[in-house]
>>> print(open('model.cif').read())   # mmCIF, C-alpha atoms; chains and numbers go by the auth columns
data_entry
#
loop_
_atom_site.group_PDB
_atom_site.id
_atom_site.type_symbol
_atom_site.label_atom_id
_atom_site.label_comp_id
_atom_site.label_asym_id
_atom_site.label_seq_id
_atom_site.Cartn_x
_atom_site.Cartn_y
_atom_site.Cartn_z
_atom_site.B_iso_or_equiv
_atom_site.auth_seq_id
_atom_site.auth_asym_id
ATOM 1 C CA GLY A 1 0.000 0.000 0.000 0.00 20 A
ATOM 2 C CA ALA A 2 0.949 3.652 -0.049 0.00 21 A
ATOM 3 C CA GLY A 3 3.601 4.801 2.327 0.00 22 A
ATOM 4 C CA VAL A 4 3.866 8.020 4.286 0.00 23 A
ATOM 5 C CA SER A 5 3.657 11.026 2.004 0.00 24 A
ATOM 6 C CA GLN A 6 4.711 14.600 2.652 0.00 25 A
ATOM 7 C CA SER A 7 4.135 17.827 0.801 0.00 26 A
ATOM 8 C CA PRO A 8 5.648 19.941 -0.483 0.00 27 A
ATOM 9 C CA SER A 9 8.875 18.114 -1.201 0.00 28 A
ATOM 10 C CA ASN A 10 10.736 21.416 -1.301 0.00 29 A
ATOM 11 C CA LYS A 11 9.816 24.813 0.081 0.00 30 A
ATOM 12 C CA VAL A 12 11.761 28.031 -0.231 0.00 31 A
ATOM 13 C CA THR A 13 10.426 30.909 1.786 0.00 32 A
ATOM 14 C CA GLU A 14 11.503 34.352 2.869 0.00 33 A
ATOM 15 C CA LYS A 15 12.449 35.021 6.449 0.00 34 A
ATOM 16 C CA GLY A 16 9.418 36.113 8.447 0.00 35 A
ATOM 17 C CA LYS A 17 6.851 34.255 6.356 0.00 36 A
ATOM 18 C CA ASP A 18 4.705 31.404 7.684 0.00 37 A
ATOM 19 C CA VAL A 19 4.892 27.896 6.210 0.00 38 A
ATOM 20 C CA GLU A 20 2.728 24.789 6.462 0.00 39 A
ATOM 21 C CA LEU A 21 4.095 21.312 5.977 0.00 40 A
ATOM 22 C CA ARG A 22 1.764 18.385 5.439 0.00 41 A
ATOM 23 C CA CYS A 23 2.049 14.708 6.333 0.00 42 A
ATOM 24 C CA ASP A 24 -0.237 11.887 5.214 0.00 43 A
ATOM 25 C CA PRO A 25 0.487 8.811 7.334 0.00 44 A
ATOM 26 C CA ILE A 26 -0.091 5.206 6.401 0.00 45 A
ATOM 27 C CA SER A 27 -3.760 4.364 6.725 0.00 46 A
ATOM 28 C CA GLY A 28 -4.515 2.812 10.101 0.00 47 A
ATOM 29 C CA HIS A 29 -1.406 4.119 11.811 0.00 48 A
ATOM 30 C CA THR A 30 -2.454 5.792 15.034 0.00 49 A
ATOM 31 C CA ALA A 31 0.915 7.288 15.945 0.00 50 A
ATOM 32 C CA LEU A 32 2.528 10.117 13.991 0.00 51 A
ATOM 33 C CA TYR A 33 5.864 11.798 14.568 0.00 52 A
ATOM 34 C CA TRP A 34 7.560 14.929 13.282 0.00 53 A
ATOM 35 C CA TYR A 35 11.349 15.220 13.189 0.00 54 A
ATOM 36 C CA ARG A 36 13.801 17.795 11.939 0.00 55 A
ATOM 37 C CA GLN A 37 17.080 16.893 10.292 0.00 56 A
ATOM 38 C CA SER A 38 19.649 19.631 9.946 0.00 57 A
ATOM 39 C CA LEU A 39 22.775 19.283 7.828 0.00 58 A
ATOM 40 C CA GLY A 40 25.292 17.037 9.534 0.00 59 A
ATOM 41 C CA GLN A 41 23.007 16.415 12.487 0.00 60 A
ATOM 42 C CA GLY A 42 20.919 13.478 13.577 0.00 61 A
ATOM 43 C CA LEU A 43 17.178 13.603 13.711 0.00 62 A
ATOM 44 C CA GLU A 44 15.659 15.977 16.226 0.00 63 A
ATOM 45 C CA PHE A 45 12.291 14.941 17.649 0.00 64 A
ATOM 46 C CA LEU A 46 9.650 17.659 17.411 0.00 65 A
ATOM 47 C CA ILE A 47 6.237 16.255 18.338 0.00 66 A
ATOM 48 C CA TYR A 48 4.309 13.019 18.637 0.00 67 A
ATOM 49 C CA PHE A 49 0.599 12.399 18.051 0.00 68 A
ATOM 50 C CA GLN A 50 -1.418 9.464 19.301 0.00 69 A
ATOM 51 C CA GLY A 51 -4.659 9.796 17.404 0.00 70 A
ATOM 52 C CA ASN A 52 -5.450 13.497 17.299 0.00 71 A
ATOM 53 C CA SER A 53 -3.829 14.361 20.595 0.00 72 A
ATOM 54 C CA ALA A 54 -0.208 15.284 21.161 0.00 73 A
ATOM 55 C CA PRO A 55 0.973 13.764 24.457 0.00 74 A
ATOM 56 C CA ASP A 56 4.515 14.920 23.800 0.00 75 A
ATOM 57 C CA LYS A 57 5.260 18.378 22.408 0.00 76 A
ATOM 58 C CA SER A 58 8.559 18.641 24.208 0.00 77 A
ATOM 59 C CA GLY A 59 10.646 18.839 21.071 0.00 78 A
ATOM 60 C CA LEU A 60 9.064 21.908 19.528 0.00 79 A
ATOM 61 C CA PRO A 61 11.938 24.418 19.480 0.00 80 A
ATOM 62 C CA SER A 62 9.872 27.537 20.038 0.00 81 A
ATOM 63 C CA ASP A 63 6.328 28.854 20.166 0.00 82 A
ATOM 64 C CA ARG A 64 6.621 29.661 16.473 0.00 83 A
ATOM 65 C CA PHE A 65 6.196 25.936 15.839 0.00 84 A
ATOM 66 C CA SER A 66 2.823 24.235 16.116 0.00 85 A
ATOM 67 C CA ALA A 67 1.237 21.085 14.782 0.00 86 A
ATOM 68 C CA GLU A 68 -2.166 19.565 14.547 0.00 87 A
ATOM 69 C CA ARG A 69 -3.662 16.314 13.420 0.00 88 A
ATOM 70 C CA THR A 70 -7.227 15.870 12.289 0.00 89 A
ATOM 71 C CA GLY A 71 -9.343 12.774 11.850 0.00 90 A
ATOM 72 C CA GLY A 72 -6.523 10.663 13.214 0.00 91 A
ATOM 73 C CA SER A 73 -4.879 11.022 9.849 0.00 92 A
ATOM 74 C CA VAL A 74 -3.337 14.068 8.163 0.00 93 A
ATOM 75 C CA SER A 75 -1.025 16.265 10.182 0.00 94 A
ATOM 76 C CA THR A 76 0.166 19.799 9.520 0.00 95 A
ATOM 77 C CA LEU A 77 3.300 21.348 10.981 0.00 96 A
ATOM 78 C CA THR A 78 3.174 25.131 10.935 0.00 97 A
ATOM 79 C CA ILE A 79 6.157 27.406 11.386 0.00 98 A
ATOM 80 C CA GLN A 80 5.325 31.059 11.908 0.00 99 A
ATOM 81 C CA ARG A 81 7.687 33.944 11.202 0.00 100 A
ATOM 82 C CA THR A 82 10.326 31.623 9.795 0.00 101 A
ATOM 83 C CA GLN A 83 13.972 32.201 10.613 0.00 102 A
ATOM 84 C CA GLN A 84 17.058 31.073 8.725 0.00 103 A
ATOM 85 C CA GLU A 85 17.844 28.539 11.447 0.00 104 A
ATOM 86 C CA ASP A 86 14.570 26.805 10.609 0.00 105 A
ATOM 87 C CA SER A 87 16.120 25.614 7.340 0.00 106 A
ATOM 88 C CA ALA A 88 16.231 21.823 7.495 0.00 107 A
ATOM 89 C CA VAL A 89 14.572 18.670 6.230 0.00 108 A
ATOM 90 C CA TYR A 90 11.362 17.985 8.107 0.00 109 A
ATOM 91 C CA LEU A 91 10.509 14.307 8.337 0.00 110 A
ATOM 92 C CA CYS A 92 7.235 12.716 9.263 0.00 111 A
ATOM 93 C CA ALA A 93 6.852 9.113 10.410 0.00 112 A
ATOM 94 C CA SER A 94 3.908 6.972 11.406 0.00 113 A
ATOM 95 C CA SER A 95 3.494 3.696 13.232 0.00 114 A
ATOM 96 C CA LEU A 96 0.738 1.324 14.262 0.00 115 A
ATOM 97 C CA GLY A 97 1.062 2.457 17.853 0.00 116 A
ATOM 98 C CA GLY A 98 3.144 4.612 20.073 0.00 117 A
ATOM 99 C CA MET A 99 5.845 4.005 22.621 0.00 118 A
ATOM 100 C CA ASN A 100 8.117 2.522 19.965 0.00 119 A
ATOM 101 C CA LEU A 101 6.399 -0.816 20.229 0.00 120 A
ATOM 102 C CA TYR A 102 6.082 -0.642 16.481 0.00 121 A
ATOM 103 C CA GLU A 103 8.395 0.274 13.634 0.00 122 A
ATOM 104 C CA GLN A 104 8.242 3.860 12.444 0.00 123 A
ATOM 105 C CA TYR A 105 7.750 4.353 8.710 0.00 124 A
ATOM 106 C CA PHE A 106 9.190 7.548 7.323 0.00 125 A
ATOM 107 C CA GLY A 107 8.056 9.894 4.609 0.00 126 A
ATOM 108 C CA PRO A 108 10.404 11.405 2.029 0.00 127 A
ATOM 109 C CA GLY A 109 10.677 14.679 3.923 0.00 128 A
ATOM 110 C CA THR A 110 10.144 18.340 3.115 0.00 129 A
ATOM 111 C CA ARG A 111 13.282 20.374 2.513 0.00 130 A
ATOM 112 C CA LEU A 112 12.680 23.866 3.890 0.00 131 A
ATOM 113 C CA THR A 113 14.980 26.700 2.933 0.00 132 A
ATOM 114 C CA VAL A 114 14.520 30.083 4.568 0.00 133 A
ATOM 115 C CA THR A 115 16.240 32.895 2.687 0.00 134 A
ATOM 116 C CA ALA B 1 21.610 13.082 29.925 0.00 16 B
ATOM 117 C CA GLN B 2 20.292 10.842 27.200 0.00 17 B
ATOM 118 C CA ARG B 3 22.594 10.837 24.227 0.00 18 B
ATOM 119 C CA VAL B 4 23.586 8.689 21.260 0.00 19 B
ATOM 120 C CA THR B 5 27.074 9.117 19.868 0.00 20 B
ATOM 121 C CA GLN B 6 28.264 7.890 16.509 0.00 21 B
ATOM 122 C CA PRO B 7 31.921 8.890 16.494 0.00 22 B
ATOM 123 C CA GLU B 8 32.507 8.397 12.771 0.00 23 B
ATOM 124 C CA LYS B 9 30.857 10.767 10.327 0.00 24 B
ATOM 125 C CA LEU B 10 32.323 8.818 7.428 0.00 25 B
ATOM 126 C CA LEU B 11 33.529 5.247 7.117 0.00 26 B
ATOM 127 C CA SER B 12 35.020 3.883 3.918 0.00 27 B
ATOM 128 C CA VAL B 13 35.914 0.212 3.446 0.00 28 B
ATOM 129 C CA PHE B 14 36.584 -2.078 0.522 0.00 29 B
ATOM 130 C CA LYS B 15 34.030 -4.575 -0.712 0.00 30 B
ATOM 131 C CA GLY B 16 34.419 -7.872 1.108 0.00 31 B
ATOM 132 C CA ALA B 17 36.048 -6.290 4.145 0.00 32 B
ATOM 133 C CA PRO B 18 34.422 -6.362 7.585 0.00 33 B
ATOM 134 C CA VAL B 19 32.421 -3.336 8.662 0.00 34 B
ATOM 135 C CA GLU B 20 31.794 -1.998 12.139 0.00 35 B
ATOM 136 C CA LEU B 21 29.744 1.140 12.670 0.00 36 B
ATOM 137 C CA LYS B 22 30.155 2.397 16.202 0.00 37 B
ATOM 138 C CA CYS B 23 27.354 3.574 18.447 0.00 38 B
ATOM 139 C CA ASN B 24 27.675 4.531 22.094 0.00 39 B
ATOM 140 C CA TYR B 25 24.870 5.746 24.276 0.00 40 B
ATOM 141 C CA SER B 26 24.255 7.478 27.541 0.00 41 B
ATOM 142 C CA TYR B 27 21.078 6.452 29.336 0.00 42 B
ATOM 143 C CA SER B 28 20.223 5.840 32.936 0.00 43 B
ATOM 144 C CA GLY B 29 17.721 3.030 32.532 0.00 44 B
ATOM 145 C CA SER B 30 17.231 0.154 30.135 0.00 45 B
ATOM 146 C CA PRO B 31 16.954 1.533 26.624 0.00 46 B
ATOM 147 C CA GLU B 32 15.815 -0.071 23.457 0.00 47 B
ATOM 148 C CA LEU B 33 18.343 0.372 20.670 0.00 48 B
ATOM 149 C CA PHE B 34 17.777 0.652 16.933 0.00 49 B
ATOM 150 C CA TRP B 35 19.699 1.009 13.724 0.00 50 B
ATOM 151 C CA TYR B 36 18.034 2.885 10.877 0.00 51 B
ATOM 152 C CA VAL B 37 19.428 3.150 7.348 0.00 52 B
ATOM 153 C CA GLN B 38 18.906 5.609 4.517 0.00 53 B
ATOM 154 C CA TYR B 39 20.053 4.497 1.072 0.00 54 B
ATOM 155 C CA SER B 40 20.637 7.127 -1.598 0.00 55 B
ATOM 156 C CA ARG B 41 17.373 8.748 -2.701 0.00 56 B
ATOM 157 C CA GLN B 42 15.352 6.475 -0.430 0.00 57 B
ATOM 158 C CA ARG B 43 13.508 6.964 2.802 0.00 58 B
ATOM 159 C CA LEU B 44 14.846 6.340 6.244 0.00 59 B
ATOM 160 C CA GLN B 45 13.955 2.793 7.274 0.00 60 B
ATOM 161 C CA LEU B 46 14.458 0.471 10.203 0.00 61 B
ATOM 162 C CA LEU B 47 17.389 -1.914 9.758 0.00 62 B
ATOM 163 C CA LEU B 48 17.262 -3.753 13.056 0.00 63 B
ATOM 164 C CA ARG B 49 16.384 -3.417 16.710 0.00 64 B
ATOM 165 C CA HIS B 50 18.217 -5.146 19.515 0.00 65 B
ATOM 166 C CA ILE B 51 15.117 -6.630 21.082 0.00 66 B
ATOM 167 C CA SER B 52 14.420 -8.763 18.016 0.00 67 B
ATOM 168 C CA ARG B 53 17.983 -10.105 17.835 0.00 68 B
ATOM 169 C CA GLU B 54 17.669 -10.513 14.082 0.00 69 B
ATOM 170 C CA SER B 55 20.308 -10.422 11.387 0.00 70 B
ATOM 171 C CA ILE B 56 19.158 -8.183 8.569 0.00 71 B
ATOM 172 C CA LYS B 57 21.054 -8.048 5.261 0.00 72 B
ATOM 173 C CA GLY B 58 23.932 -9.728 7.056 0.00 73 B
ATOM 174 C CA PHE B 59 24.137 -7.001 9.712 0.00 74 B
ATOM 175 C CA THR B 60 24.070 -7.742 13.423 0.00 75 B
ATOM 176 C CA ALA B 61 24.296 -5.553 16.486 0.00 76 B
ATOM 177 C CA ASP B 62 24.852 -6.604 20.067 0.00 77 B
ATOM 178 C CA LEU B 63 23.859 -4.467 22.989 0.00 78 B
ATOM 179 C CA ASN B 64 26.756 -4.209 25.434 0.00 79 B
ATOM 180 C CA LYS B 65 25.387 -2.644 28.593 0.00 80 B
ATOM 181 C CA GLY B 66 28.779 -2.575 30.280 0.00 81 B
ATOM 182 C CA GLU B 67 30.314 -0.512 27.512 0.00 82 B
ATOM 183 C CA THR B 68 26.982 1.182 26.668 0.00 83 B
ATOM 184 C CA SER B 69 27.503 0.333 23.032 0.00 84 B
ATOM 185 C CA PHE B 70 25.418 -1.019 20.176 0.00 85 B
ATOM 186 C CA HIS B 71 27.877 -1.360 17.331 0.00 86 B
ATOM 187 C CA LEU B 72 26.613 -2.509 13.923 0.00 87 B
ATOM 188 C CA LYS B 73 28.688 -5.188 12.248 0.00 88 B
ATOM 189 C CA LYS B 74 28.848 -7.077 8.991 0.00 89 B
ATOM 190 C CA PRO B 75 31.599 -9.570 8.204 0.00 90 B
ATOM 191 C CA PHE B 76 31.766 -8.950 4.439 0.00 91 B
ATOM 192 C CA ALA B 77 30.657 -5.577 3.099 0.00 92 B
ATOM 193 C CA GLN B 78 28.779 -5.308 -0.186 0.00 93 B
ATOM 194 C CA GLU B 79 28.598 -2.270 -2.466 0.00 94 B
ATOM 195 C CA GLU B 80 24.850 -2.032 -1.884 0.00 95 B
ATOM 196 C CA ASP B 81 25.548 -1.426 1.808 0.00 96 B
ATOM 197 C CA SER B 82 26.682 2.102 0.988 0.00 97 B
ATOM 198 C CA ALA B 83 24.245 4.345 2.843 0.00 98 B
ATOM 199 C CA MET B 84 23.743 6.605 5.827 0.00 99 B
ATOM 200 C CA TYR B 85 23.328 4.707 9.087 0.00 100 B
ATOM 201 C CA TYR B 86 21.701 6.106 12.212 0.00 101 B
ATOM 202 C CA CYS B 87 21.746 4.639 15.699 0.00 102 B
ATOM 203 C CA ALA B 88 18.839 5.543 17.976 0.00 103 B
ATOM 204 C CA LEU B 89 17.508 4.700 21.402 0.00 104 B
ATOM 205 C CA SER B 90 14.255 5.006 23.251 0.00 105 B
ATOM 206 C CA GLY B 91 13.084 4.339 26.765 0.00 106 B
ATOM 207 C CA MET B 92 10.965 5.508 29.619 0.00 107 B
ATOM 208 C CA ASP B 93 13.196 8.506 30.354 0.00 108 B
ATOM 209 C CA SER B 94 12.714 9.800 26.819 0.00 109 B
ATOM 210 C CA ASN B 95 8.974 9.234 26.936 0.00 110 B
ATOM 211 C CA TYR B 96 9.705 6.446 24.495 0.00 111 B
ATOM 212 C CA GLN B 97 10.681 8.894 21.784 0.00 112 B
ATOM 213 C CA LEU B 98 13.651 8.070 19.632 0.00 113 B
ATOM 214 C CA ILE B 99 16.909 9.850 20.430 0.00 114 B
ATOM 215 C CA TRP B 100 19.168 9.817 17.399 0.00 115 B
ATOM 216 C CA GLY B 101 22.868 9.796 16.715 0.00 116 B
ATOM 217 C CA ALA B 102 24.272 12.123 14.056 0.00 117 B
ATOM 218 C CA GLY B 103 24.729 9.263 11.609 0.00 118 B
ATOM 219 C CA THR B 104 27.636 7.590 9.834 0.00 119 B
ATOM 220 C CA LYS B 105 28.006 7.636 6.080 0.00 120 B
ATOM 221 C CA LEU B 106 29.260 4.239 4.932 0.00 121 B
ATOM 222 C CA ILE B 107 30.988 4.014 1.575 0.00 122 B
ATOM 223 C CA ILE B 108 31.888 0.614 0.179 0.00 123 B
ATOM 224 C CA LYS B 109 34.660 0.832 -2.374 0.00 124 B
ATOM 225 C CA PRO B 110 34.745 -1.713 -5.223 0.00 125 B
#
>>> encode(input="model.cif", output="structure tokens")
Amino acid sequence: GAGVSQSPSNKVTEKGKDVELRCDPISGHTALYWYRQSLGQGLEFLIYFQGNSAPDKSGLPSDRFSAERTGGSVSTLTIQRTQQEDSAVYLCASSLGGMNLYEQYFGPGTRLTVT
Amino acid sequence: AQRVTQPEKLLSVFKGAPVELKCNYSYSGSPELFWYVQYSRQRLQLLLRHISRESIKGFTADLNKGETSFHLKKPFAQEEDSAMYYCALSGMDSNYQLIWGAGTKLIIKP
């Protein structure tokens, strides 16, 4: 079946603008994760959804970052007033359940460039 | 502090040679350890997890709690093993979220 999809694949935006990144998880996967991958760095956890609720938002780097998930499916990560340090690849993953009991399946990522 | 360290950013070995990708961790409890792999132009995917004790694509990894290591090994490297490899851990102290190493780029030379 279809894997995790993300859109857009690439986004170039001007500093100060808002951006929305979308993630479509695998159908039936209740857990959804957002990560950020900066050049030369490992993956940085941002937020985790179980269903539509986010029990762990501890990784969001600032209040400019927010995320929501609707219908237990699609999730949107919003970055307001983007800064150059927000430039990174944003990865979404989904799994059958949370707590790492199940394998996480990753999307192709959205490469965000803030100019 | 919870941390995963992959000391090598780049590892280059000849085809047929043994490969060892190092991973050390810092964690106060009993973590679960993972290796993820990203081949060129492909998505990040799970390679193996210590709890399953499997050998995937000839790779194995043993959790050494005394040395707090989870090194990934393969006795005879193949060209198709060239990829980016990430070590990660999760556990109660991290709310079961994955904590990632910075990754090691493995290049297998013909």
>>> residues_around(input="model.cif", residues="Gly73 (chain B)", least_positions_apart="4", cutoff="12 Å", atoms="all atoms listed in the file", output="VMD selection string")
chain B and resid 33 to 34 62 to 63 69 87 to 93 95 to 96
>>> resolve_selection(input="model.cif", expression="the PyMOL selection byres ((chain A and resi 53) around 9)", output="VMD selection string")
chain A and resid 42 51 to 52 54 to 55 63 to 68 86 96 109 to 113
>>> write_last_selection(input="model.cif", atoms="C-alpha atoms", output="PDB file, keeping the file's coordinate frame")
ATOM      1  CA  CYS A  42       2.049  14.708   6.333  1.00  0.00           C
ATOM      2  CA  LEU A  51       2.528  10.117  13.991  1.00  0.00           C
ATOM      3  CA  TYR A  52       5.864  11.798  14.568  1.00  0.00           C
ATOM      4  CA  TYR A  54      11.349  15.220  13.189  1.00  0.00           C
ATOM      5  CA  ARG A  55      13.801  17.795  11.939  1.00  0.00           C
ATOM      6  CA  GLU A  63      15.659  15.977  16.226  1.00  0.00           C
ATOM      7  CA  PHE A  64      12.291  14.941  17.649  1.00  0.00           C
ATOM      8  CA  LEU A  65       9.650  17.659  17.411  1.00  0.00           C
ATOM      9  CA  ILE A  66       6.237  16.255  18.338  1.00  0.00           C
ATOM     10  CA  TYR A  67       4.309  13.019  18.637  1.00  0.00           C
ATOM     11  CA  PHE A  68       0.599  12.399  18.051  1.00  0.00           C
ATOM     12  CA  ALA A  86       1.237  21.085  14.782  1.00  0.00           C
ATOM     13  CA  LEU A  96       3.300  21.348  10.981  1.00  0.00           C
ATOM     14  CA  TYR A 109      11.362  17.985   8.107  1.00  0.00           C
ATOM     15  CA  LEU A 110      10.509  14.307   8.337  1.00  0.00           C
ATOM     16  CA  CYS A 111       7.235  12.716   9.263  1.00  0.00           C
ATOM     17  CA  ALA A 112       6.852   9.113  10.410  1.00  0.00           C
ATOM     18  CA  SER A 113       3.908   6.972  11.406  1.00  0.00           C
TER      19      SER A 113
END
>>> interface_residues(input="model.cif", of="chain A", to="chain B", cutoff="10 Å", atoms="all atoms listed in the file", output="MDAnalysis selection string")
chainID A and resid 23 52 54 56:67 74:75 77:78 110 112 117:120 122:128
>>> residues_around(input="model.cif", residues="Gln103 (chain A)", least_positions_apart="2", cutoff="7 Å", atoms="only C-alpha atoms", output="ChimeraX atom specification")
/A:34,101,105-106,133-134
>>> write_last_selection(input="model.cif", atoms="C-alpha atoms", output="PDB file, in the coordinates of the input")
ATOM      1  CA  LYS A  34      12.449  35.021   6.449  1.00  0.00           C
ATOM      2  CA  THR A 101      10.326  31.623   9.795  1.00  0.00           C
ATOM      3  CA  ASP A 105      14.570  26.805  10.609  1.00  0.00           C
ATOM      4  CA  SER A 106      16.120  25.614   7.340  1.00  0.00           C
ATOM      5  CA  VAL A 133      14.520  30.083   4.568  1.00  0.00           C
ATOM      6  CA  THR A 134      16.240  32.895   2.687  1.00  0.00           C
TER       7      THR A 134
END
>>> closest_residue(input="model.cif", among="A:Leu79, A:Val31, A:Ala107, A:Val93", to="Gly47 (chain A)", atoms="all atoms listed in the file")
A:Val93
>>> atom_distance(input="model.cif", atom1="CA of Gly44 (chain B)", atom2="CA of Tyr100 (chain B)")
24.2 Å
>>> atom_distance(input="model.cif", atom1="CA of Asn39 (chain B)", atom2="CA of Ile123 (chain B)")
22.7 Å
>>> resolve_selection(input="model.cif", expression="the PyMOL selection byres ((chain A and resi 129) around 8)", output="PyMOL selection string")
chain A and resi 25-30+40+108-110+127-128+130-131
>>> atom_distance(input="model.cif", atom1="CA of Asn71 (chain A)", atom2="CA of Arg88 (chain A)")
5.1 Å
>>> resolve_selection(input="model.cif", expression="the PyMOL selection byres ((chain B and resi 42) around 8)", output="number ranges by chain")
B: 16-18, 40-41, 43-46
>>> write_last_selection(input="model.cif", atoms="C-alpha atoms", output="CSV table (one decimal), in the frame of the given file")
chain,number,residue,atom,x,y,z
B,16,ALA,CA,21.6,13.1,29.9
B,17,GLN,CA,20.3,10.8,27.2
B,18,ARG,CA,22.6,10.8,24.2
B,40,TYR,CA,24.9,5.7,24.3
B,41,SER,CA,24.3,7.5,27.5
B,43,SER,CA,20.2,5.8,32.9
B,44,GLY,CA,17.7,3.0,32.5
B,45,SER,CA,17.2,0.2,30.1
B,46,PRO,CA,17.0,1.5,26.6
>>> residues_around(input="model.cif", residues="Lys124 (chain B)", least_positions_apart="2", cutoff="9 Å", atoms="all atoms listed in the file", output="MDAnalysis selection string")
chainID B and resid 27:30 93:94 97 122
>>> residues_around(input="model.cif", residues="Ser81 (chain A)", least_positions_apart="4", cutoff="10 Å", atoms="all atoms listed in the file", output="PyMOL selection string")
chain A and resi 77+85+98-99
>>> closest_residue(input="model.cif", among="B:His86, B:Asp108, B:Trp50, B:Pro125", to="Pro22 (chain B)", atoms="all atoms listed in the file")
B:His86
>>> closest_residue(input="model.cif", among="A:Asp43, A:Gly35, A:Gln102, A:Ser114", to="Gly90 (chain A)", atoms="only C-alpha atoms")
A:Asp43
>>> build_atoms(input="model.cif", residues="region 43-49 of chain B", atoms="all heavy atoms", output="compact mmCIF listing (two decimals), in the coordinates of the input")
# COMPACT_ATOMS: atom_id res chain seq x y z
N SER B 43 20.19 6.30 31.56
CA SER B 43 20.22 5.84 32.94
C SER B 43 19.48 4.53 33.16
O SER B 43 19.80 3.80 34.09
CB SER B 43 19.63 6.91 33.86
OG SER B 43 18.32 7.23 33.44
N GLY B 44 18.53 4.22 32.32
CA GLY B 44 17.72 3.03 32.53
C GLY B 44 18.06 1.93 31.55
O GLY B 44 19.22 1.72 31.20
N SER B 45 17.06 1.23 31.11
CA SER B 45 17.23 0.15 30.14
C SER B 45 16.64 0.59 28.80
O SER B 45 15.43 0.53 28.61
CB SER B 45 16.53 -1.12 30.62
OG SER B 45 17.13 -1.60 31.79
N PRO B 46 17.48 1.03 27.90
CA PRO B 46 16.95 1.53 26.62
C PRO B 46 16.71 0.42 25.62
O PRO B 46 17.21 -0.69 25.76
CB PRO B 46 18.09 2.44 26.13
CG PRO B 46 19.32 1.75 26.62
CD PRO B 46 18.94 1.14 27.96
N GLU B 47 15.93 0.78 24.63
CA GLU B 47 15.82 -0.07 23.46
C GLU B 47 16.63 0.60 22.35
O GLU B 47 16.53 1.80 22.16
CB GLU B 47 14.36 -0.22 23.03
CG GLU B 47 14.19 -1.22 21.90
CD GLU B 47 12.75 -1.58 21.65
OE1 GLU B 47 11.88 -1.14 22.41
OE2 GLU B 47 12.51 -2.29 20.66
N LEU B 48 17.43 -0.18 21.67
CA LEU B 48 18.34 0.37 20.67
C LEU B 48 17.94 -0.05 19.26
O LEU B 48 17.44 -1.17 19.06
CB LEU B 48 19.77 -0.10 20.94
CG LEU B 48 20.64 0.67 21.95
CD1 LEU B 48 20.91 2.08 21.44
CD2 LEU B 48 20.04 0.68 23.32
N PHE B 49 18.17 0.86 18.33
CA PHE B 49 17.78 0.65 16.93
C PHE B 49 18.91 1.09 16.01
O PHE B 49 19.68 1.98 16.33
CB PHE B 49 16.55 1.51 16.56
CG PHE B 49 15.37 1.33 17.46
CD1 PHE B 49 15.28 1.98 18.67
CD2 PHE B 49 14.29 0.54 17.06
CE1 PHE B 49 14.18 1.83 19.50
CE2 PHE B 49 13.18 0.40 17.87
CZ PHE B 49 13.13 1.05 19.09
